[in-house]
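Engineer: Got a structure for you, final.cif, holding mmCIF, N, CA and C atoms.
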data_entry
#
loop_
_atom_site.label_atom_id
_atom_site.label_comp_id
_atom_site.auth_asym_id
_atom_site.auth_seq_id
_atom_site.Cartn_x
_atom_site.Cartn_y
_atom_site.Cartn_z
N PRO H 1 0.81 -1.22 0.00
CA PRO H 1 0.00 0.00 0.00
C PRO H 1 0.85 1.28 0.00
N HIS H 2 2.13 1.15 0.31
CA HIS H 2 2.98 2.33 0.41
C HIS H 2 3.81 2.59 -0.85
N LEU H 3 3.69 1.75 -1.87
CA LEU H 3 4.44 1.99 -3.10
C LEU H 3 4.00 3.29 -3.75
N GLU H 4 4.96 4.01 -4.31
CA GLU H 4 4.68 5.26 -5.03
C GLU H 4 5.46 5.22 -6.34
N PRO H 5 4.80 4.85 -7.44
CA PRO H 5 5.52 4.74 -8.71
C PRO H 5 6.07 6.07 -9.23
N ARG H 6 5.60 7.19 -8.72
CA ARG H 6 6.08 8.48 -9.20
C ARG H 6 7.36 8.93 -8.50
N SER H 7 7.77 8.23 -7.47
CA SER H 7 8.99 8.59 -6.74
C SER H 7 10.18 8.47 -7.68
N GLU H 8 11.10 9.44 -7.58
CA GLU H 8 12.25 9.45 -8.48
C GLU H 8 13.56 9.04 -7.82
N SER H 9 13.53 8.74 -6.53
CA SER H 9 14.76 8.29 -5.87
C SER H 9 14.43 7.57 -4.58
N GLN H 10 15.40 6.81 -4.09
CA GLN H 10 15.24 6.14 -2.81
C GLN H 10 15.10 7.17 -1.69
N GLY H 11 15.83 8.26 -1.80
CA GLY H 11 15.76 9.30 -0.78
C GLY H 11 14.38 9.90 -0.67
N GLU H 12 13.75 10.17 -1.81
CA GLU H 12 12.37 10.69 -1.79
C GLU H 12 11.44 9.68 -1.13
N SER H 13 11.63 8.41 -1.44
CA SER H 13 10.79 7.37 -0.84
C SER H 13 11.00 7.30 0.67
N ARG H 14 12.24 7.42 1.10
CA ARG H 14 12.52 7.41 2.54
C ARG H 14 11.89 8.61 3.23
N LEU H 15 11.96 9.77 2.59
CA LEU H 15 11.34 10.97 3.16
C LEU H 15 9.83 10.76 3.27
N ARG H 16 9.22 10.29 2.21
CA ARG H 16 7.77 10.05 2.20
C ARG H 16 7.37 9.05 3.27
N MET H 17 8.11 7.95 3.37
CA MET H 17 7.76 6.92 4.35
C MET H 17 8.01 7.38 5.78
N SER H 18 9.03 8.20 5.99
CA SER H 18 9.26 8.75 7.34
C SER H 18 8.04 9.54 7.80
N LEU H 19 7.48 10.32 6.88
CA LEU H 19 6.31 11.13 7.22
C LEU H 19 5.08 10.25 7.46
N VAL H 20 4.86 9.28 6.59
CA VAL H 20 3.70 8.40 6.72
C VAL H 20 3.79 7.58 8.01
N LEU H 21 4.94 7.00 8.26
CA LEU H 21 5.12 6.20 9.47
C LEU H 21 5.09 7.06 10.72
N GLY H 22 5.34 8.36 10.58
CA GLY H 22 5.27 9.28 11.70
C GLY H 22 3.88 9.84 11.93
N GLY H 23 2.90 9.38 11.13
CA GLY H 23 1.51 9.76 11.36
C GLY H 23 0.99 10.90 10.51
N LEU H 24 1.79 11.42 9.58
CA LEU H 24 1.33 12.49 8.70
C LEU H 24 0.59 11.91 7.50
N PRO H 25 -0.24 12.72 6.83
CA PRO H 25 -0.92 12.23 5.63
C PRO H 25 0.08 11.87 4.54
N ARG H 26 -0.30 10.95 3.70
CA ARG H 26 0.57 10.54 2.60
C ARG H 26 0.79 11.73 1.66
N PRO H 27 2.05 12.11 1.43
CA PRO H 27 2.32 13.22 0.51
C PRO H 27 2.04 12.83 -0.94
N GLU H 28 1.70 13.83 -1.74
CA GLU H 28 1.60 13.63 -3.19
C GLU H 28 3.02 13.71 -3.75
N ALA H 29 3.32 12.90 -4.74
CA ALA H 29 4.66 12.87 -5.33
C ALA H 29 4.68 13.55 -6.69
N GLN H 30 5.77 14.29 -6.96
CA GLN H 30 6.05 14.90 -8.25
C GLN H 30 4.88 15.76 -8.74
N VAL H 31 4.67 16.88 -8.07
CA VAL H 31 3.57 17.79 -8.38
C VAL H 31 4.10 19.00 -9.14
N ASP H 32 3.45 19.33 -10.25
CA ASP H 32 3.86 20.47 -11.07
C ASP H 32 3.13 21.74 -10.64
N PHE H 33 3.89 22.85 -10.59
CA PHE H 33 3.32 24.15 -10.25
C PHE H 33 3.61 25.14 -11.37
N TYR H 34 2.64 26.05 -11.57
CA TYR H 34 2.70 27.04 -12.64
C TYR H 34 2.39 28.43 -12.07
N THR H 35 2.87 29.46 -12.77
CA THR H 35 2.48 30.83 -12.42
C THR H 35 1.02 31.01 -12.78
N GLU H 36 0.44 32.11 -12.32
CA GLU H 36 -0.94 32.42 -12.69
C GLU H 36 -1.09 32.56 -14.21
N GLY H 37 0.00 32.97 -14.88
CA GLY H 37 -0.02 33.13 -16.34
C GLY H 37 0.22 31.85 -17.11
N GLY H 38 0.46 30.74 -16.42
CA GLY H 38 0.61 29.45 -17.08
C GLY H 38 2.05 29.03 -17.32
N GLU H 39 3.04 29.80 -16.85
CA GLU H 39 4.44 29.43 -17.02
C GLU H 39 4.82 28.37 -15.99
N HIS H 40 5.48 27.31 -16.46
CA HIS H 40 5.88 26.24 -15.55
C HIS H 40 6.95 26.74 -14.59
N LEU H 41 6.71 26.57 -13.30
CA LEU H 41 7.67 26.98 -12.28
C LEU H 41 8.57 25.82 -11.86
N ALA H 42 7.95 24.71 -11.51
CA ALA H 42 8.71 23.61 -10.95
C ALA H 42 7.87 22.36 -10.80
N ARG H 43 8.56 21.24 -10.75
CA ARG H 43 7.94 20.00 -10.31
C ARG H 43 8.58 19.70 -8.96
N VAL H 44 7.76 19.58 -7.94
CA VAL H 44 8.22 19.42 -6.57
C VAL H 44 8.18 17.94 -6.19
N ASP H 45 9.17 17.50 -5.43
CA ASP H 45 9.26 16.08 -5.05
C ASP H 45 8.02 15.61 -4.31
N LEU H 46 7.63 16.32 -3.26
CA LEU H 46 6.48 15.90 -2.44
C LEU H 46 5.70 17.13 -1.98
N VAL H 47 4.39 16.94 -1.81
CA VAL H 47 3.53 17.99 -1.27
C VAL H 47 2.63 17.35 -0.22
N VAL H 48 2.62 17.94 0.97
CA VAL H 48 1.72 17.49 2.03
C VAL H 48 1.04 18.74 2.61
N LYS H 49 -0.27 18.81 2.44
CA LYS H 49 -1.08 19.91 2.97
C LYS H 49 -0.48 21.29 2.67
N ASP H 50 -0.23 21.58 1.42
CA ASP H 50 0.30 22.87 0.94
C ASP H 50 1.73 23.17 1.37
N VAL H 51 2.46 22.18 1.85
CA VAL H 51 3.88 22.34 2.13
C VAL H 51 4.65 21.56 1.06
N LEU H 52 5.59 22.25 0.42
CA LEU H 52 6.39 21.64 -0.64
C LEU H 52 7.66 21.08 -0.01
N LEU H 53 7.94 19.82 -0.31
CA LEU H 53 9.10 19.14 0.26
C LEU H 53 10.03 18.70 -0.86
N GLU H 54 11.30 19.02 -0.71
CA GLU H 54 12.32 18.63 -1.68
C GLU H 54 13.35 17.76 -0.99
N TYR H 55 13.76 16.69 -1.67
CA TYR H 55 14.83 15.85 -1.18
C TYR H 55 16.07 16.12 -2.03
N ASP H 56 17.16 16.47 -1.38
CA ASP H 56 18.43 16.71 -2.07
C ASP H 56 19.36 15.55 -1.83
N GLY H 57 19.56 14.76 -2.87
CA GLY H 57 20.48 13.64 -2.77
C GLY H 57 21.92 14.12 -2.91
N ARG H 58 22.84 13.28 -2.51
CA ARG H 58 24.26 13.63 -2.58
C ARG H 58 24.67 13.99 -4.00
N GLU H 59 24.17 13.22 -4.98
CA GLU H 59 24.55 13.48 -6.37
C GLU H 59 24.08 14.86 -6.83
N GLN H 60 22.95 15.33 -6.33
CA GLN H 60 22.48 16.67 -6.68
C GLN H 60 23.41 17.74 -6.13
N ARG H 61 23.87 17.54 -4.91
CA ARG H 61 24.73 18.55 -4.28
C ARG H 61 26.09 18.63 -4.95
N LEU H 62 26.53 17.54 -5.61
CA LEU H 62 27.84 17.51 -6.24
C LEU H 62 27.84 18.06 -7.66
N LYS H 63 26.69 18.12 -8.30
CA LYS H 63 26.61 18.61 -9.68
C LYS H 63 26.22 20.08 -9.67
N LYS H 64 27.19 20.95 -9.92
CA LYS H 64 26.95 22.38 -9.78
C LYS H 64 25.79 22.89 -10.64
N PRO H 65 25.69 22.55 -11.95
CA PRO H 65 24.55 23.07 -12.72
C PRO H 65 23.20 22.67 -12.15
N VAL H 66 23.08 21.43 -11.68
CA VAL H 66 21.83 20.95 -11.09
C VAL H 66 21.57 21.70 -9.80
N PHE H 67 22.60 21.87 -9.00
CA PHE H 67 22.48 22.57 -7.72
C PHE H 67 21.99 24.00 -7.93
N VAL H 68 22.59 24.70 -8.86
CA VAL H 68 22.22 26.09 -9.14
C VAL H 68 20.80 26.17 -9.68
N GLN H 69 20.46 25.30 -10.60
CA GLN H 69 19.10 25.28 -11.18
C GLN H 69 18.06 24.99 -10.10
N ASP H 70 18.34 24.03 -9.23
CA ASP H 70 17.40 23.70 -8.15
C ASP H 70 17.18 24.89 -7.23
N ARG H 71 18.25 25.58 -6.86
CA ARG H 71 18.11 26.73 -5.96
C ARG H 71 17.28 27.84 -6.60
N ARG H 72 17.50 28.12 -7.85
CA ARG H 72 16.73 29.16 -8.54
C ARG H 72 15.25 28.79 -8.61
N ARG H 73 14.98 27.54 -8.93
CA ARG H 73 13.60 27.05 -9.01
C ARG H 73 12.93 27.15 -7.65
N GLN H 74 13.62 26.74 -6.61
CA GLN H 74 13.05 26.78 -5.27
C GLN H 74 12.85 28.21 -4.79
N ASN H 75 13.77 29.10 -5.13
CA ASN H 75 13.60 30.51 -4.77
C ASN H 75 12.37 31.10 -5.45
N ALA H 76 12.11 30.72 -6.69
CA ALA H 76 10.92 31.21 -7.40
C ALA H 76 9.64 30.77 -6.69
N LEU H 77 9.63 29.57 -6.14
CA LEU H 77 8.46 29.09 -5.40
C LEU H 77 8.27 29.89 -4.11
N VAL H 78 9.35 30.11 -3.38
CA VAL H 78 9.29 30.86 -2.13
C VAL H 78 8.86 32.30 -2.40
N ASP H 79 9.38 32.89 -3.49
CA ASP H 79 9.01 34.26 -3.85
C ASP H 79 7.50 34.41 -4.06
N ARG H 80 6.85 33.32 -4.44
CA ARG H 80 5.40 33.36 -4.68
C ARG H 80 4.61 32.96 -3.44
N GLY H 81 5.28 32.82 -2.31
CA GLY H 81 4.59 32.55 -1.06
C GLY H 81 4.48 31.09 -0.66
N ALA H 82 5.20 30.20 -1.33
CA ALA H 82 5.13 28.78 -0.99
C ALA H 82 5.89 28.48 0.30
N GLU H 83 5.39 27.54 1.05
CA GLU H 83 6.08 27.02 2.24
C GLU H 83 6.91 25.84 1.76
N LEU H 84 8.21 26.00 1.72
CA LEU H 84 9.12 25.00 1.14
C LEU H 84 10.11 24.53 2.19
N ARG H 85 10.32 23.21 2.24
CA ARG H 85 11.32 22.62 3.13
C ARG H 85 12.19 21.69 2.31
N ARG H 86 13.49 21.68 2.64
CA ARG H 86 14.44 20.83 1.92
C ARG H 86 15.10 19.87 2.91
N TYR H 87 15.27 18.62 2.48
CA TYR H 87 15.84 17.60 3.34
C TYR H 87 16.87 16.78 2.59
N SER H 88 17.72 16.09 3.35
CA SER H 88 18.74 15.21 2.76
C SER H 88 18.75 13.89 3.54
N SER H 89 19.69 13.03 3.19
CA SER H 89 19.72 11.69 3.79
C SER H 89 19.83 11.72 5.31
N GLU H 90 20.55 12.68 5.85
CA GLU H 90 20.69 12.76 7.30
C GLU H 90 19.34 13.01 7.99
N ASP H 91 18.45 13.72 7.30
CA ASP H 91 17.16 14.08 7.88
C ASP H 91 16.16 12.93 7.91
N VAL H 92 16.35 11.94 7.04
CA VAL H 92 15.35 10.87 6.95
C VAL H 92 15.78 9.59 7.66
N ALA H 93 16.85 9.67 8.44
CA ALA H 93 17.27 8.51 9.24
C ALA H 93 16.17 8.18 10.25
N PRO H 94 15.91 6.90 10.50
CA PRO H 94 14.82 6.53 11.43
C PRO H 94 14.92 7.21 12.79
N VAL H 95 16.13 7.45 13.29
CA VAL H 95 16.27 8.09 14.60
C VAL H 95 15.84 9.56 14.57
N ARG H 96 15.68 10.14 13.40
CA ARG H 96 15.29 11.54 13.27
C ARG H 96 13.81 11.70 12.91
N ARG H 97 13.07 10.60 12.83
CA ARG H 97 11.69 10.66 12.36
C ARG H 97 10.83 11.61 13.17
N GLY H 98 10.96 11.58 14.50
CA GLY H 98 10.16 12.48 15.34
C GLY H 98 10.46 13.94 15.04
N TRP H 99 11.73 14.27 14.93
CA TRP H 99 12.14 15.64 14.59
C TRP H 99 11.57 16.05 13.24
N LEU H 100 11.74 15.18 12.25
CA LEU H 100 11.27 15.48 10.89
C LEU H 100 9.77 15.73 10.87
N CYS H 101 9.01 14.84 11.48
CA CYS H 101 7.54 14.99 11.48
C CYS H 101 7.12 16.25 12.23
N ASP H 102 7.77 16.55 13.34
CA ASP H 102 7.45 17.78 14.07
C ASP H 102 7.74 19.01 13.20
N GLU H 103 8.86 18.99 12.48
CA GLU H 103 9.18 20.13 11.62
C GLU H 103 8.15 20.30 10.50
N VAL H 104 7.73 19.20 9.90
CA VAL H 104 6.74 19.28 8.82
C VAL H 104 5.40 19.74 9.38
N LYS H 105 5.05 19.30 10.57
CA LYS H 105 3.80 19.78 11.20
C LYS H 105 3.85 21.29 11.43
N ARG H 106 5.00 21.81 11.86
CA ARG H 106 5.15 23.27 12.03
C ARG H 106 5.02 23.98 10.69
N ALA H 107 5.56 23.39 9.63
CA ALA H 107 5.46 23.98 8.30
C ALA H 107 4.01 23.98 7.82
N ILE H 108 3.27 22.93 8.12
CA ILE H 108 1.85 22.86 7.76
C ILE H 108 1.09 23.98 8.46
N ALA H 109 1.36 24.19 9.74
CA ALA H 109 0.71 25.26 10.49
C ALA H 109 1.08 26.62 9.92
N ALA H 110 2.33 26.81 9.55
CA ALA H 110 2.77 28.09 8.97
C ALA H 110 2.07 28.34 7.63
N ALA H 111 1.96 27.31 6.81
CA ALA H 111 1.30 27.45 5.50
C ALA H 111 -0.17 27.79 5.67
N ALA H 112 -0.81 27.20 6.67
CA ALA H 112 -2.24 27.44 6.90
C ALA H 112 -2.50 28.86 7.42
N SER H 113 -1.49 29.48 8.02
CA SER H 113 -1.70 30.81 8.61
C SER H 113 -1.39 31.96 7.67
N ARG H 114 -0.99 31.66 6.46
CA ARG H 114 -0.67 32.74 5.51
C ARG H 114 -1.56 32.65 4.28
N PRO H 115 -1.60 33.71 3.48
CA PRO H 115 -2.42 33.67 2.26
C PRO H 115 -1.92 32.58 1.31
N PRO H 116 -2.79 32.09 0.44
CA PRO H 116 -2.36 31.05 -0.52
C PRO H 116 -1.23 31.57 -1.40
N ALA H 117 -0.35 30.66 -1.80
CA ALA H 117 0.77 31.03 -2.67
C ALA H 117 0.24 31.48 -4.03
N ALA H 118 0.97 32.38 -4.66
CA ALA H 118 0.58 32.93 -5.97
C ALA H 118 1.06 32.01 -7.08
N MET H 119 0.53 30.81 -7.09
CA MET H 119 0.84 29.81 -8.12
C MET H 119 -0.26 28.77 -8.09
N ARG H 120 -0.26 27.92 -9.09
CA ARG H 120 -1.31 26.91 -9.15
C ARG H 120 -0.73 25.59 -9.63
N ARG H 121 -1.43 24.54 -9.29
CA ARG H 121 -1.06 23.23 -9.83
C ARG H 121 -1.52 23.19 -11.28
N GLY H 122 -0.86 22.37 -12.06
CA GLY H 122 -1.24 22.31 -13.46
C GLY H 122 -0.89 21.00 -14.10
N ARG H 123 -0.79 21.05 -15.41
CA ARG H 123 -0.53 19.87 -16.24
C ARG H 123 0.70 19.12 -15.73
N ASP H 124 0.58 17.82 -15.67
CA ASP H 124 1.63 16.93 -15.18
C ASP H 124 2.71 16.77 -16.26
N THR H 125 3.96 17.09 -15.92
CA THR H 125 5.04 16.94 -16.89
C THR H 125 5.83 15.65 -16.71
N LEU H 126 5.46 14.85 -15.74
CA LEU H 126 6.20 13.61 -15.48
C LEU H 126 5.72 12.53 -16.42
N ARG H 127 6.67 11.86 -17.07
CA ARG H 127 6.27 10.76 -17.96
C ARG H 127 5.75 9.59 -17.12
N ALA H 128 4.88 8.83 -17.70
CA ALA H 128 4.29 7.69 -16.99
C ALA H 128 5.39 6.70 -16.60
N PRO H 129 5.33 6.16 -15.38
CA PRO H 129 6.36 5.20 -14.97
C PRO H 129 6.28 3.93 -15.79
N GLU H 130 7.43 3.34 -16.03
CA GLU H 130 7.49 2.07 -16.76
C GLU H 130 7.65 0.95 -15.74
N LEU H 131 6.53 0.41 -15.32
CA LEU H 131 6.55 -0.64 -14.31
C LEU H 131 6.57 -1.99 -14.98
N ARG H 132 7.53 -2.81 -14.60
CA ARG H 132 7.63 -4.17 -15.13
C ARG H 132 7.77 -5.11 -13.94
N PRO H 133 7.08 -6.23 -13.97
CA PRO H 133 7.23 -7.17 -12.85
C PRO H 133 8.63 -7.77 -12.84
N LEU H 134 9.15 -8.02 -11.66
CA LEU H 134 10.45 -8.68 -11.53
C LEU H 134 10.30 -10.15 -11.90
N PRO H 135 11.35 -10.73 -12.49
CA PRO H 135 11.25 -12.15 -12.84
C PRO H 135 11.18 -13.02 -11.59
N THR H 136 10.44 -14.09 -11.68
CA THR H 136 10.39 -15.04 -10.59
C THR H 136 11.65 -15.90 -10.62
N LEU H 137 11.87 -16.70 -9.59
CA LEU H 137 13.05 -17.58 -9.57
C LEU H 137 13.03 -18.54 -10.75
N ASP H 138 11.83 -19.01 -11.13
CA ASP H 138 11.72 -19.95 -12.26
C ASP H 138 12.08 -19.28 -13.59
N GLN H 139 11.93 -17.98 -13.69
CA GLN H 139 12.19 -17.27 -14.93
C GLN H 139 13.64 -16.80 -15.06
N GLN H 140 14.40 -16.86 -13.99
CA GLN H 140 15.78 -16.40 -14.03
C GLN H 140 16.67 -17.47 -14.66
N PRO H 141 17.66 -17.04 -15.43
CA PRO H 141 18.57 -18.03 -16.06
C PRO H 141 19.34 -18.79 -14.99
N ARG H 142 19.55 -20.04 -15.26
CA ARG H 142 20.26 -20.89 -14.30
C ARG H 142 21.76 -20.93 -14.67
N ALA H 143 22.59 -20.96 -13.64
CA ALA H 143 24.04 -21.06 -13.85
C ALA H 143 24.37 -22.46 -14.39
N ALA H 144 25.33 -22.51 -15.31
CA ALA H 144 25.69 -23.81 -15.92
C ALA H 144 26.58 -24.64 -15.04
#
Using structure tokens, write down the structure from this file.

Structural biologist:
Amino acid sequence: PHLEPRSESQGESRLRMSLVLGGLPRPEAQVDFYTEGGEHLARVDLVVKDVLLEYDGREQRLKKPVFVQDRRRQNALVDRGAELRRYSSEDVAPVRRGWLCDEVKRAIAAAASRPPAAMRRGRDTLRAPELRPLPTLDQQPRAA
């Protein structure tokens, strides 16, 4: 019941499951946001009750063009009034689950106390996942 085919990394899945196992509602995965004029702003990793959650994997932090592009995109969301939180592998460790869930709950309260962000959800830009069943033991090639 916890599978999310739209998840794009193990880290995103760990973040999502930390929240779910900590008692928060299941976040939506890979949500697209647009300006009021229809310009695509960003696709966000997770959204829970109007809070945008981004997972930054190690590989993202090491690739400068990706890092710079991500920061600009995230700043554009914040400029429009979005409540945005960013997390990494250290934040989704099981021993940090209580801290993480408490922080997201505070972000939900902050988002609820301010005017709606000046952006809207829109057309989904994520390609459909290619799900294939794993081979059974009988279907795997046998060693000679």

Engineer: Might you pull out every residue within 6 Å of Asp56 (chain H), with only N, CA and C atoms counted and same-chain residues fewer than 6 positions away left off, and present them as a ChimeraX atom specification?

Structural biologist: /H:86-89

Engineer: Determine, counting all atoms listed in the file, which protein, DNA and RNA residues have an atom within 7 Å of an atom of region 12-20 of chain H; residues of the same chain fewer than 5 positions away are not included. Present the result as a list in words.

Structural biologist: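 Those residues are Ser7, Pro25, Arg26, Pro27, Tyr55, Val92, Arg97, Leu100 and Cys101 of chain H.
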
Engineer: Please give the complete set of residues from chain H that DSSP, run on the backbone, assigns to alpha helix (DSSP H), formatted as a ChimeraX atom specification.

Structural biologist: /H:10-21,58-62,64-79,97-112

Engineer: To one decimal place, how far is atom C of Gly23 (chain H) from CA of Ala93 (chain H) in Å?

Structural biologist: 16.5 Å

Engineer: May I ask which of the residues H:Gly22, H:Gly57, H:Gly37, H:Pro5 is the closest one to Ala118 (chain H), counting only C-alpha atoms?

Structural biologist: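 The answer is H:Gly37, which sits nearest to Ala118 (chain H).
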
Engineer: Could you write out, as a list in words, all the residues of chain H that DSSP marks as strand (DSSP E or B)?

Structural biologist: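 Secondary structure check on chain H, strand (DSSP E or B): Glu28, Ala29, Gln30, Val31, Asp32, Phe33, Tyr34, His40, Leu41, Ala42, Arg43, Val44, Asp45, Leu46, Val47, Val48, Val51, Leu52, Leu53, Glu54, Tyr55, Glu83, Leu84, Arg85, Arg86, Tyr87, Arg120 and Arg121 of chain H.
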
Engineer: With N, CA and C atoms retained, export the selected residues as a short mmCIF file (atom, residue, chain, number, x, y, z; two decimals), in the frame of the given file.

Structural biologist:
data_model
loop_
_atom_site.label_atom_id
_atom_site.label_comp_id
_atom_site.auth_asym_id
_atom_site.auth_seq_id
_atom_site.Cartn_x
_atom_site.Cartn_y
_atom_site.Cartn_z
N GLU H 28 1.70 13.83 -1.74
CA GLU H 28 1.60 13.63 -3.19
C GLU H 28 3.02 13.71 -3.75
N ALA H 29 3.32 12.90 -4.74
CA ALA H 29 4.66 12.87 -5.33
C ALA H 29 4.68 13.55 -6.69
N GLN H 30 5.77 14.29 -6.96
CA GLN H 30 6.05 14.90 -8.25
C GLN H 30 4.88 15.76 -8.74
N VAL H 31 4.67 16.88 -8.07
CA VAL H 31 3.57 17.79 -8.38
C VAL H 31 4.10 19.00 -9.14
N ASP H 32 3.45 19.33 -10.25
CA ASP H 32 3.86 20.47 -11.07
C ASP H 32 3.13 21.74 -10.64
N PHE H 33 3.89 22.85 -10.59
CA PHE H 33 3.32 24.15 -10.25
C PHE H 33 3.61 25.14 -11.37
N TYR H 34 2.64 26.05 -11.57
CA TYR H 34 2.70 27.04 -12.64
C TYR H 34 2.39 28.43 -12.07
N HIS H 40 5.48 27.31 -16.46
CA HIS H 40 5.88 26.24 -15.55
C HIS H 40 6.95 26.74 -14.59
N LEU H 41 6.71 26.57 -13.30
CA LEU H 41 7.67 26.98 -12.28
C LEU H 41 8.57 25.82 -11.86
N ALA H 42 7.95 24.71 -11.51
CA ALA H 42 8.71 23.61 -10.95
C ALA H 42 7.87 22.36 -10.80
N ARG H 43 8.56 21.24 -10.75
CA ARG H 43 7.94 20.00 -10.31
C ARG H 43 8.58 19.70 -8.96
N VAL H 44 7.76 19.58 -7.94
CA VAL H 44 8.22 19.42 -6.57
C VAL H 44 8.18 17.94 -6.19
N ASP H 45 9.17 17.50 -5.43
CA ASP H 45 9.26 16.08 -5.05
C ASP H 45 8.02 15.61 -4.31
N LEU H 46 7.63 16.32 -3.26
CA LEU H 46 6.48 15.90 -2.44
C LEU H 46 5.70 17.13 -1.98
N VAL H 47 4.39 16.94 -1.81
CA VAL H 47 3.53 17.99 -1.27
C VAL H 47 2.63 17.35 -0.22
N VAL H 48 2.62 17.94 0.97
CA VAL H 48 1.72 17.49 2.03
C VAL H 48 1.04 18.74 2.61
N VAL H 51 2.46 22.18 1.85
CA VAL H 51 3.88 22.34 2.13
C VAL H 51 4.65 21.56 1.06
N LEU H 52 5.59 22.25 0.42
CA LEU H 52 6.39 21.64 -0.64
C LEU H 52 7.66 21.08 -0.01
N LEU H 53 7.94 19.82 -0.31
CA LEU H 53 9.10 19.14 0.26
C LEU H 53 10.03 18.70 -0.86
N GLU H 54 11.30 19.02 -0.71
CA GLU H 54 12.32 18.63 -1.68
C GLU H 54 13.35 17.76 -0.99
N TYR H 55 13.76 16.69 -1.67
CA TYR H 55 14.83 15.85 -1.18
C TYR H 55 16.07 16.12 -2.03
N GLU H 83 5.39 27.54 1.05
CA GLU H 83 6.08 27.02 2.24
C GLU H 83 6.91 25.84 1.76
N LEU H 84 8.21 26.00 1.72
CA LEU H 84 9.12 25.00 1.14
C LEU H 84 10.11 24.53 2.19
N ARG H 85 10.32 23.21 2.24
CA ARG H 85 11.32 22.62 3.13
C ARG H 85 12.19 21.69 2.31
N ARG H 86 13.49 21.68 2.64
CA ARG H 86 14.44 20.83 1.92
C ARG H 86 15.10 19.87 2.91
N TYR H 87 15.27 18.62 2.48
CA TYR H 87 15.84 17.60 3.34
C TYR H 87 16.87 16.78 2.59
N ARG H 120 -0.26 27.92 -9.09
CA ARG H 120 -1.31 26.91 -9.15
C ARG H 120 -0.73 25.59 -9.63
N ARG H 121 -1.43 24.54 -9.29
CA ARG H 121 -1.06 23.23 -9.83
C ARG H 121 -1.52 23.19 -11.28
#

Engineer: For Leu52 (chain H), list every protein, DNA or RNA residue within 7 Å, evaluated using only N, CA and C atoms, and leave out those in the same chain fewer than 2 positions away; present the list as a ChimeraX atom specification.

Structural biologist: /H:44-50,54,82-86

Engineer: If I take atom N of Thr125 (chain H) and CA of Gly11 (chain H), how far is one from the other in Å, to one decimal?

Structural biologist: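 Value for the atom N of Thr125 (chain H)-CA of Gly11 (chain H) distance: 20.7 Å.
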
Engineer: Report as a PyMOL selection string the residues that result from applying the PyMOL selection byres (((chain H and resi 112 and name CA) around 12) and name CA) to the structure here.

Structural biologist: chain H and resi 48-51+81-83+105-111+113-117

Engineer: Report the distance between CA of Thr35 (chain H) and CA of Met119 (chain H) in Å, rounded to one decimal place.

Structural biologist: 4.7 Å

Engineer: Using the chain letters and residue numbers of this document, give as a PDB file with N, CA and C atoms, in the coordinates of the input the residues selected by the PyMOL selection byres (((chain H and resi 6 and name CA) around 7) and name CA).

Structural biologist:
ATOM      1  N   GLU H   4       4.960   4.010  -4.310  1.00  0.00           N
ATOM      2  CA  GLU H   4       4.680   5.260  -5.030  1.00  0.00           C
ATOM      3  C   GLU H   4       5.460   5.220  -6.340  1.00  0.00           C
ATOM      4  N   PRO H   5       4.800   4.850  -7.440  1.00  0.00           N
ATOM      5  CA  PRO H   5       5.520   4.740  -8.710  1.00  0.00           C
ATOM      6  C   PRO H   5       6.070   6.070  -9.230  1.00  0.00           C
ATOM      7  N   SER H   7       7.770   8.230  -7.470  1.00  0.00           N
ATOM      8  CA  SER H   7       8.990   8.590  -6.740  1.00  0.00           C
ATOM      9  C   SER H   7      10.180   8.470  -7.680  1.00  0.00           C
ATOM     10  N   GLU H   8      11.100   9.440  -7.580  1.00  0.00           N
ATOM     11  CA  GLU H   8      12.250   9.450  -8.480  1.00  0.00           C
ATOM     12  C   GLU H   8      13.560   9.040  -7.820  1.00  0.00           C
ATOM     13  N   ALA H  29       3.320  12.900  -4.740  1.00  0.00           N
ATOM     14  CA  ALA H  29       4.660  12.870  -5.330  1.00  0.00           C
ATOM     15  C   ALA H  29       4.680  13.550  -6.690  1.00  0.00           C
ATOM     16  N   GLN H  30       5.770  14.290  -6.960  1.00  0.00           N
ATOM     17  CA  GLN H  30       6.050  14.900  -8.250  1.00  0.00           C
ATOM     18  C   GLN H  30       4.880  15.760  -8.740  1.00  0.00           C
ATOM     19  N   PRO H 129       5.330   6.160 -15.380  1.00  0.00           N
ATOM     20  CA  PRO H 129       6.360   5.200 -14.970  1.00  0.00           C
ATOM     21  C   PRO H 129       6.280   3.930 -15.790  1.00  0.00           C
TER      22      PRO H 129
END

Engineer: So what does the PyMOL selection byres ((chain H and resi 43) around 5) actually pick up in this one, as a ChimeraX atom specification?

Structural biologist: /H:31-33,41-42,44-45

Engineer: May I have the residues from that selection written out with N, CA and C atoms, as a tab-separated table (two decimals), in the coordinates of the input?

Structural biologist:
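Saved file out-v1.tsv follows:
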chain	number	residue	atom	x	y	z
H	31	VAL	N	4.67	16.88	-8.07
H	31	VAL	CA	3.57	17.79	-8.38
H	31	VAL	C	4.10	19.00	-9.14
H	32	ASP	N	3.45	19.33	-10.25
H	32	ASP	CA	3.86	20.47	-11.07
H	32	ASP	C	3.13	21.74	-10.64
H	33	PHE	N	3.89	22.85	-10.59
H	33	PHE	CA	3.32	24.15	-10.25
H	33	PHE	C	3.61	25.14	-11.37
H	41	LEU	N	6.71	26.57	-13.30
H	41	LEU	CA	7.67	26.98	-12.28
H	41	LEU	C	8.57	25.82	-11.86
H	42	ALA	N	7.95	24.71	-11.51
H	42	ALA	CA	8.71	23.61	-10.95
H	42	ALA	C	7.87	22.36	-10.80
H	44	VAL	N	7.76	19.58	-7.94
H	44	VAL	CA	8.22	19.42	-6.57
H	44	VAL	C	8.18	17.94	-6.19
H	45	ASP	N	9.17	17.50	-5.43
H	45	ASP	CA	9.26	16.08	-5.05
H	45	ASP	C	8.02	15.61	-4.31
